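Participant: My file is structure_10.txt. It has compact mmCIF, C-alpha atoms:
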# COMPACT_ATOMS: atom_id res chain seq x y z
CA ASP A 1 0.00 0.00 0.00
CA GLY A 2 1.12 3.58 -0.56
CA VAL A 3 2.96 2.61 -3.74
CA ASN A 4 2.69 5.29 -6.39
CA MET A 5 3.06 3.53 -9.74
CA ARG A 6 2.29 5.19 -13.02
CA LEU A 7 2.97 4.75 -16.68
CA VAL A 8 5.52 7.44 -17.57
CA ASP A 9 6.69 6.29 -20.96
CA GLN A 10 5.88 4.02 -23.83
CA LYS A 11 9.32 3.41 -25.26
CA VAL A 12 9.21 2.56 -28.93
CA ILE A 13 12.19 1.16 -30.79
CA PHE A 14 12.32 1.97 -34.47
CA SER A 15 14.55 -0.04 -36.76
CA LYS A 16 15.75 0.27 -40.33
CA LYS A 17 17.55 -2.30 -42.44
CA LEU A 18 20.20 -0.65 -44.57
CA LYS A 19 20.87 -1.53 -48.15
CA LEU A 20 24.57 -1.47 -48.80
CA LYS A 21 24.82 1.57 -51.04
CA ARG A 22 27.27 1.28 -53.85
CA THR A 23 26.10 4.53 -55.38
CA ILE A 24 27.27 7.98 -54.44
CA VAL A 25 24.76 9.56 -52.10
CA SER A 26 24.47 13.29 -51.88
CA VAL A 27 25.38 14.15 -48.31
CA SER A 28 25.08 17.61 -46.84
CA SER A 29 28.26 19.68 -46.65
CA PHE A 30 26.95 21.01 -43.30
CA VAL A 31 27.17 17.58 -41.63
CA SER A 32 30.45 16.47 -40.09
CA GLU A 33 31.89 14.66 -37.12
CA TYR A 34 32.05 16.71 -33.90
CA GLN A 35 35.76 17.37 -33.41
CA GLU A 36 35.93 19.10 -30.04
CA GLU A 37 37.06 17.24 -26.94
CA TYR A 38 34.65 19.16 -24.72
CA VAL A 39 30.90 19.76 -24.68
CA SER A 40 30.15 23.14 -26.23
CA ASP A 41 27.19 25.18 -24.99
CA GLN A 42 25.40 24.59 -28.31
CA LEU A 43 25.93 20.83 -28.09
CA LEU A 44 24.65 20.79 -24.50
CA LYS A 45 21.55 22.75 -25.55
CA LEU A 46 20.88 20.12 -28.23
CA ALA A 47 21.39 17.32 -25.70
CA PHE A 48 18.72 18.88 -23.44
CA GLU A 49 16.43 19.27 -26.46
CA SER A 50 16.88 15.58 -27.27
CA GLY A 51 15.51 14.71 -23.82
CA ARG A 52 12.48 16.97 -23.85
CA PHE A 53 10.05 14.04 -24.13
CA SER A 54 12.10 11.61 -22.04
CA ARG A 55 10.63 10.10 -18.89
CA PHE A 56 13.28 11.98 -16.90
CA HIS A 57 11.76 15.24 -18.09
CA ILE A 58 8.10 14.21 -18.10
CA ASP A 59 8.06 12.65 -14.60
CA LYS A 60 7.97 15.70 -12.32
CA ASN A 61 9.42 13.61 -9.47
CA PHE A 62 12.73 14.25 -11.26
CA SER A 63 13.80 17.87 -10.81
CA GLU A 64 14.98 19.89 -13.80
CA SER A 65 18.51 19.82 -12.35
CA VAL A 66 18.51 16.00 -12.15
CA PHE A 67 17.31 15.84 -15.78
CA GLN A 68 20.03 18.28 -16.86
CA LYS A 69 22.74 16.45 -14.89
CA LEU A 70 21.74 13.18 -16.56
CA TYR A 71 21.85 14.62 -20.10
CA LEU A 72 25.08 16.53 -19.39
CA GLU A 73 26.62 13.20 -18.34
CA TRP A 74 25.19 11.49 -21.45
CA ILE A 75 26.59 14.04 -23.89
CA THR A 76 29.93 14.30 -22.01
CA ARG A 77 30.41 10.52 -22.16
CA SER A 78 29.42 10.63 -25.85
CA VAL A 79 32.05 13.29 -26.65
CA SER A 80 34.70 11.22 -24.84
CA LYS A 81 33.61 8.24 -27.03
CA GLU A 82 32.87 6.21 -23.90
CA ILE A 83 29.24 5.53 -24.89
CA ALA A 84 29.20 6.75 -28.51
CA ASP A 85 31.45 6.05 -31.46
CA GLU A 86 30.80 9.45 -32.97
CA ILE A 87 28.67 12.54 -32.78
CA LEU A 88 27.49 13.91 -36.10
CA VAL A 89 26.64 17.60 -36.16
CA TYR A 90 24.87 19.88 -38.59
CA ASP A 91 26.98 23.02 -38.41
CA LYS A 92 25.91 26.03 -40.44
CA ASP A 93 27.40 29.49 -40.07
CA GLU A 94 29.24 28.50 -36.85
CA MET A 95 25.97 27.33 -35.33
CA LEU A 96 25.23 23.74 -34.33
CA CYS A 97 21.71 23.28 -35.63
CA GLY A 98 21.46 19.55 -35.01
CA MET A 99 23.31 16.52 -33.67
CA LEU A 100 23.14 12.75 -33.59
CA THR A 101 25.16 10.30 -31.47
CA TYR A 102 25.54 6.64 -32.33
CA LYS A 103 27.32 3.47 -31.29
CA ILE A 104 27.94 0.28 -33.28
CA MET A 105 27.72 -3.11 -31.59
CA ASP A 106 27.35 -6.50 -33.27
CA ASN A 107 26.91 -4.90 -36.69
CA ILE A 108 23.97 -2.76 -35.50
CA ALA A 109 24.16 1.00 -35.07
CA THR A 110 22.11 2.45 -32.23
CA ILE A 111 21.32 6.14 -32.13
CA GLY A 112 21.69 7.52 -28.61
CA LEU A 113 20.72 11.17 -28.85
CA ILE A 114 19.33 13.10 -31.78
CA ALA A 115 18.08 16.67 -31.78
CA VAL A 116 17.53 19.70 -33.96
CA ASP A 117 17.35 23.23 -32.60
CA PRO A 118 13.63 23.91 -31.89
CA LEU A 119 13.76 27.21 -33.80
CA ILE A 120 14.62 25.46 -37.05
CA GLN A 121 12.92 22.08 -36.82
CA GLY A 122 11.08 20.87 -39.92
CA LYS A 123 13.81 22.00 -42.35
CA ASN A 124 15.20 18.52 -43.13
CA ILE A 125 18.21 18.88 -40.80
CA GLY A 126 17.39 15.61 -39.00
CA THR A 127 17.05 13.83 -42.34
CA GLU A 128 20.41 15.26 -43.49
CA LEU A 129 22.03 13.88 -40.31
CA MET A 130 20.34 10.50 -40.88
CA THR A 131 21.40 10.37 -44.56
CA PHE A 132 25.00 11.09 -43.56
CA LEU A 133 24.86 8.37 -40.88
CA GLU A 134 23.41 5.82 -43.31
CA TYR A 135 26.08 6.65 -45.88
CA LYS A 136 28.86 6.22 -43.28
CA LEU A 137 27.39 2.95 -41.99
CA SER A 138 26.99 1.51 -45.49
CA GLN A 139 30.71 2.07 -46.05
CA HIS A 140 31.37 -0.23 -43.08
CA ALA A 141 28.79 -2.87 -44.05
CA ILE A 142 26.54 -2.09 -41.07
CA GLU A 143 23.10 -3.42 -41.92
CA GLU A 144 20.74 -2.03 -39.30
CA ILE A 145 20.02 1.14 -37.31
CA ASN A 146 17.93 1.12 -34.13
CA VAL A 147 16.68 4.12 -32.21
CA ALA A 148 14.40 4.47 -29.18
CA THR A 149 11.95 7.29 -28.63
CA GLN A 150 8.70 7.90 -26.80
CA LEU A 151 5.38 6.93 -28.37
CA GLN A 152 3.94 10.26 -27.19
CA ASN A 153 6.68 12.10 -29.10
CA LYS A 154 4.56 12.20 -32.25
CA ARG A 155 7.04 14.40 -34.10
CA ALA A 156 9.93 11.97 -33.56
CA CYS A 157 7.78 8.97 -34.54
CA ALA A 158 6.69 10.74 -37.73
CA PHE A 159 10.34 11.64 -38.44
CA TYR A 160 11.49 8.00 -38.19
CA GLU A 161 8.57 6.79 -40.32
CA LYS A 162 9.38 9.43 -42.96
CA ASN A 163 12.97 8.12 -42.95
CA GLU A 164 11.72 4.55 -43.60
CA PHE A 165 12.13 3.16 -40.08
CA SER A 166 9.53 0.74 -38.77
CA ILE A 167 8.44 -0.10 -35.23
CA LYS A 168 10.36 -3.05 -33.83
CA GLN A 169 9.12 -3.02 -30.23
CA ILE A 170 7.05 -1.02 -27.74
CA THR A 171 7.70 -1.24 -24.00
CA ASN A 172 5.59 0.34 -21.27
CA ILE A 173 7.77 1.95 -18.60
CA TYR A 174 6.43 2.60 -15.13
CA HIS A 175 8.03 4.65 -12.38
CA ILE A 176 7.32 3.48 -8.85
CA TRP A 177 7.91 6.09 -6.18
CA LEU A 178 7.96 4.70 -2.65
What does the file become when written as structure tokens?

Facilitator:
Amino acid sequence: DGVNMRLVDQKVIFSKKLKLKRTIVSVSSFVSEYQEEYVSDQLLKLAFESGRFSRFHIDKNFSESVFQKLYLEWITRSVSKEIADEILVYDKDEMLCGMLTYKIMDNIATIGLIAVDPLIQGKNIGTELMTFLEYKLSQHAIEEINVATQLQNKRACAFYEKNEFSIKQITNIYHIWL
């Protein structure tokens, strides 16, 4: 008794099988690998944006500072290549407009964080990042990309569907506060 349990997230994993591209793909000249060895303010802002619909932001039992600490740790450990192989960034006019982190294990690439600056969402920046990632992965014979998001994040779900991902799995996540 006194257990407070509630559904805080429906985690959906999207997956895409990659065709090994032998053709030249047009990749954006604004997309490159993040080269810095530290987390820039712009990169941190994008990391926070990537977590806007996460259960750590939605569940108000987590303070904003706990959420920010978690995502700061995530992006810091991604930059140091501890939990990500690379961070791809969309950098236009000295401004990081978008970013994507990924890690390859057992011939599958998993996207960790992906975000586009909220002021310029809907301008194909996410798709440019994804195209660049797919091109890079096809060069290394990686055959699948997986990414998790929240079912209630309709924009992200629509983005993955537009980029030819399909739903692989949905998991209900409950937080129990004692």

Participant: Ranking A:Tyr90, A:Trp177, A:Tyr71, A:Phe165 by minimum distance to Phe48 (chain A) and counting all atoms listed in the file, which one comes first?

Facilitator: A:Tyr71

Participant: Pick the closest to Ile176 (chain A) from A:Ile104, A:Lys11, A:Asn61, A:Cys97: which is it, counting all atoms listed in the file?

Facilitator: A:Asn61

Participant: Can you tell me, as a PyMOL selection string, what residues are no more than 10 Å from Glu161 (chain A) when counting all atoms listed in the file, ignoring any on the same chain fewer than 4 positions away?

Facilitator: chain A and resi 14-16+155-157+165-167

Participant: Pick out the closest residue to Glu94 (chain A) from this set: A:Tyr174, A:Phe132, A:Phe30, A:Tyr160. Count all atoms listed in the file.

Facilitator: A:Phe30

Participant: Leaving out Phe56 (chain A) and any residue of its chain fewer than 6 positions from it, which residues lie within 10 Å of it when counting all atoms listed in the file, given as JSON, numbers by chain?

Facilitator: {"A": [8, 9, 62, 63, 64, 66, 67, 68, 70, 71]}

Participant: Which polymer residues, protein or nucleic acid, are no farther than 9 Å from (32.8, 10.5, -34.5), counting only C-alpha atoms, as a VMD selection string?

Facilitator: chain A and resid 32 to 35 79 81 84 to 88 101 to 102

Participant: So, counting all atoms listed in the file, which residue among A:Leu137, A:Met130, A:Ala115, A:Val39 is closest to Phe53 (chain A)?

Facilitator: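 Under the stated criterion, the closest residue is A:Ala115.
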
Participant: Between A:Leu119, A:Ile108, A:Ile125, A:Ile114, which residue has the minimum interatomic distance to Leu18 (chain A), considering all atoms listed in the file?

Facilitator: A:Ile108

Participant: Between CA of Ile111 (chain A) and CA of Asn124 (chain A), what distance in Å does the model show, to one decimal?

Facilitator: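 Going from CA of Ile111 (chain A) over to CA of Asn124 (chain A), I get 17.7 Å.
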
Participant: Starting from the incomplete input, reconstruct N, CA, C and O atoms of region 59-78 of chain A and write that as a PDB file, in the frame of the given file.

Facilitator:
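Dumped to part.pdb:
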ATOM      1  N   ASP A  59       8.385  13.007 -15.987  1.00  0.00           N
ATOM      2  CA  ASP A  59       8.060  12.650 -14.600  1.00  0.00           C
ATOM      3  C   ASP A  59       8.551  13.766 -13.689  1.00  0.00           C
ATOM      4  O   ASP A  59       9.748  13.955 -13.516  1.00  0.00           O
ATOM      5  N   LYS A  60       7.609  14.513 -13.122  1.00  0.00           N
ATOM      6  CA  LYS A  60       7.970  15.700 -12.320  1.00  0.00           C
ATOM      7  C   LYS A  60       8.595  15.331 -10.979  1.00  0.00           C
ATOM      8  O   LYS A  60       9.015  16.212 -10.234  1.00  0.00           O
ATOM      9  N   ASN A  61       8.683  14.024 -10.660  1.00  0.00           N
ATOM     10  CA  ASN A  61       9.420  13.610  -9.470  1.00  0.00           C
ATOM     11  C   ASN A  61      10.931  13.785  -9.684  1.00  0.00           C
ATOM     12  O   ASN A  61      11.701  13.754  -8.731  1.00  0.00           O
ATOM     13  N   PHE A  62      11.333  13.912 -10.954  1.00  0.00           N
ATOM     14  CA  PHE A  62      12.730  14.250 -11.260  1.00  0.00           C
ATOM     15  C   PHE A  62      12.777  15.766 -11.413  1.00  0.00           C
ATOM     16  O   PHE A  62      12.025  16.332 -12.194  1.00  0.00           O
ATOM     17  N   SER A  63      13.676  16.416 -10.681  1.00  0.00           N
ATOM     18  CA  SER A  63      13.800  17.870 -10.810  1.00  0.00           C
ATOM     19  C   SER A  63      14.475  18.187 -12.148  1.00  0.00           C
ATOM     20  O   SER A  63      15.126  17.333 -12.749  1.00  0.00           O
ATOM     21  N   GLU A  64      14.332  19.429 -12.569  1.00  0.00           N
ATOM     22  CA  GLU A  64      14.980  19.890 -13.800  1.00  0.00           C
ATOM     23  C   GLU A  64      16.499  19.706 -13.692  1.00  0.00           C
ATOM     24  O   GLU A  64      17.155  19.323 -14.650  1.00  0.00           O
ATOM     25  N   SER A  65      17.050  19.943 -12.499  1.00  0.00           N
ATOM     26  CA  SER A  65      18.510  19.820 -12.350  1.00  0.00           C
ATOM     27  C   SER A  65      18.969  18.370 -12.467  1.00  0.00           C
ATOM     28  O   SER A  65      20.046  18.111 -12.989  1.00  0.00           O
ATOM     29  N   VAL A  66      18.159  17.426 -11.999  1.00  0.00           N
ATOM     30  CA  VAL A  66      18.510  16.000 -12.150  1.00  0.00           C
ATOM     31  C   VAL A  66      18.470  15.624 -13.632  1.00  0.00           C
ATOM     32  O   VAL A  66      19.376  14.970 -14.138  1.00  0.00           O
ATOM     33  N   PHE A  67      17.418  16.071 -14.330  1.00  0.00           N
ATOM     34  CA  PHE A  67      17.310  15.840 -15.780  1.00  0.00           C
ATOM     35  C   PHE A  67      18.542  16.399 -16.494  1.00  0.00           C
ATOM     36  O   PHE A  67      19.177  15.715 -17.297  1.00  0.00           O
ATOM     37  N   GLN A  68      18.907  17.641 -16.172  1.00  0.00           N
ATOM     38  CA  GLN A  68      20.030  18.280 -16.860  1.00  0.00           C
ATOM     39  C   GLN A  68      21.349  17.586 -16.536  1.00  0.00           C
ATOM     40  O   GLN A  68      22.191  17.415 -17.416  1.00  0.00           O
ATOM     41  N   LYS A  69      21.512  17.153 -15.296  1.00  0.00           N
ATOM     42  CA  LYS A  69      22.740  16.450 -14.890  1.00  0.00           C
ATOM     43  C   LYS A  69      22.880  15.149 -15.680  1.00  0.00           C
ATOM     44  O   LYS A  69      23.956  14.799 -16.151  1.00  0.00           O
ATOM     45  N   LEU A  70      21.758  14.446 -15.836  1.00  0.00           N
ATOM     46  CA  LEU A  70      21.740  13.180 -16.560  1.00  0.00           C
ATOM     47  C   LEU A  70      22.141  13.377 -18.022  1.00  0.00           C
ATOM     48  O   LEU A  70      22.988  12.657 -18.548  1.00  0.00           O
ATOM     49  N   TYR A  71      21.551  14.383 -18.683  1.00  0.00           N
ATOM     50  CA  TYR A  71      21.850  14.620 -20.100  1.00  0.00           C
ATOM     51  C   TYR A  71      23.230  15.240 -20.304  1.00  0.00           C
ATOM     52  O   TYR A  71      23.875  14.991 -21.320  1.00  0.00           O
ATOM     53  N   LEU A  72      23.707  16.020 -19.329  1.00  0.00           N
ATOM     54  CA  LEU A  72      25.080  16.530 -19.390  1.00  0.00           C
ATOM     55  C   LEU A  72      26.050  15.344 -19.354  1.00  0.00           C
ATOM     56  O   LEU A  72      26.997  15.278 -20.145  1.00  0.00           O
ATOM     57  N   GLU A  73      25.778  14.395 -18.458  1.00  0.00           N
ATOM     58  CA  GLU A  73      26.620  13.200 -18.340  1.00  0.00           C
ATOM     59  C   GLU A  73      26.580  12.397 -19.650  1.00  0.00           C
ATOM     60  O   GLU A  73      27.605  11.936 -20.152  1.00  0.00           O
ATOM     61  N   TRP A  74      25.378  12.250 -20.219  1.00  0.00           N
ATOM     62  CA  TRP A  74      25.190  11.490 -21.450  1.00  0.00           C
ATOM     63  C   TRP A  74      26.005  12.095 -22.601  1.00  0.00           C
ATOM     64  O   TRP A  74      26.728  11.402 -23.307  1.00  0.00           O
ATOM     65  N   ILE A  75      25.894  13.419 -22.767  1.00  0.00           N
ATOM     66  CA  ILE A  75      26.590  14.040 -23.890  1.00  0.00           C
ATOM     67  C   ILE A  75      28.102  14.102 -23.622  1.00  0.00           C
ATOM     68  O   ILE A  75      28.910  13.952 -24.537  1.00  0.00           O
ATOM     69  N   THR A  76      28.503  14.273 -22.363  1.00  0.00           N
ATOM     70  CA  THR A  76      29.930  14.300 -22.010  1.00  0.00           C
ATOM     71  C   THR A  76      30.569  12.943 -22.316  1.00  0.00           C
ATOM     72  O   THR A  76      31.645  12.862 -22.913  1.00  0.00           O
ATOM     73  N   ARG A  77      29.884  11.866 -21.918  1.00  0.00           N
ATOM     74  CA  ARG A  77      30.410  10.520 -22.160  1.00  0.00           C
ATOM     75  C   ARG A  77      30.321  10.150 -23.648  1.00  0.00           C
ATOM     76  O   ARG A  77      31.025   9.242 -24.104  1.00  0.00           O
ATOM     77  N   SER A  78      29.471  10.826 -24.403  1.00  0.00           N
ATOM     78  CA  SER A  78      29.420  10.630 -25.850  1.00  0.00           C
ATOM     79  C   SER A  78      30.613  11.319 -26.523  1.00  0.00           C
ATOM     80  O   SER A  78      31.252  10.751 -27.408  1.00  0.00           O
TER      81      SER A  78
END
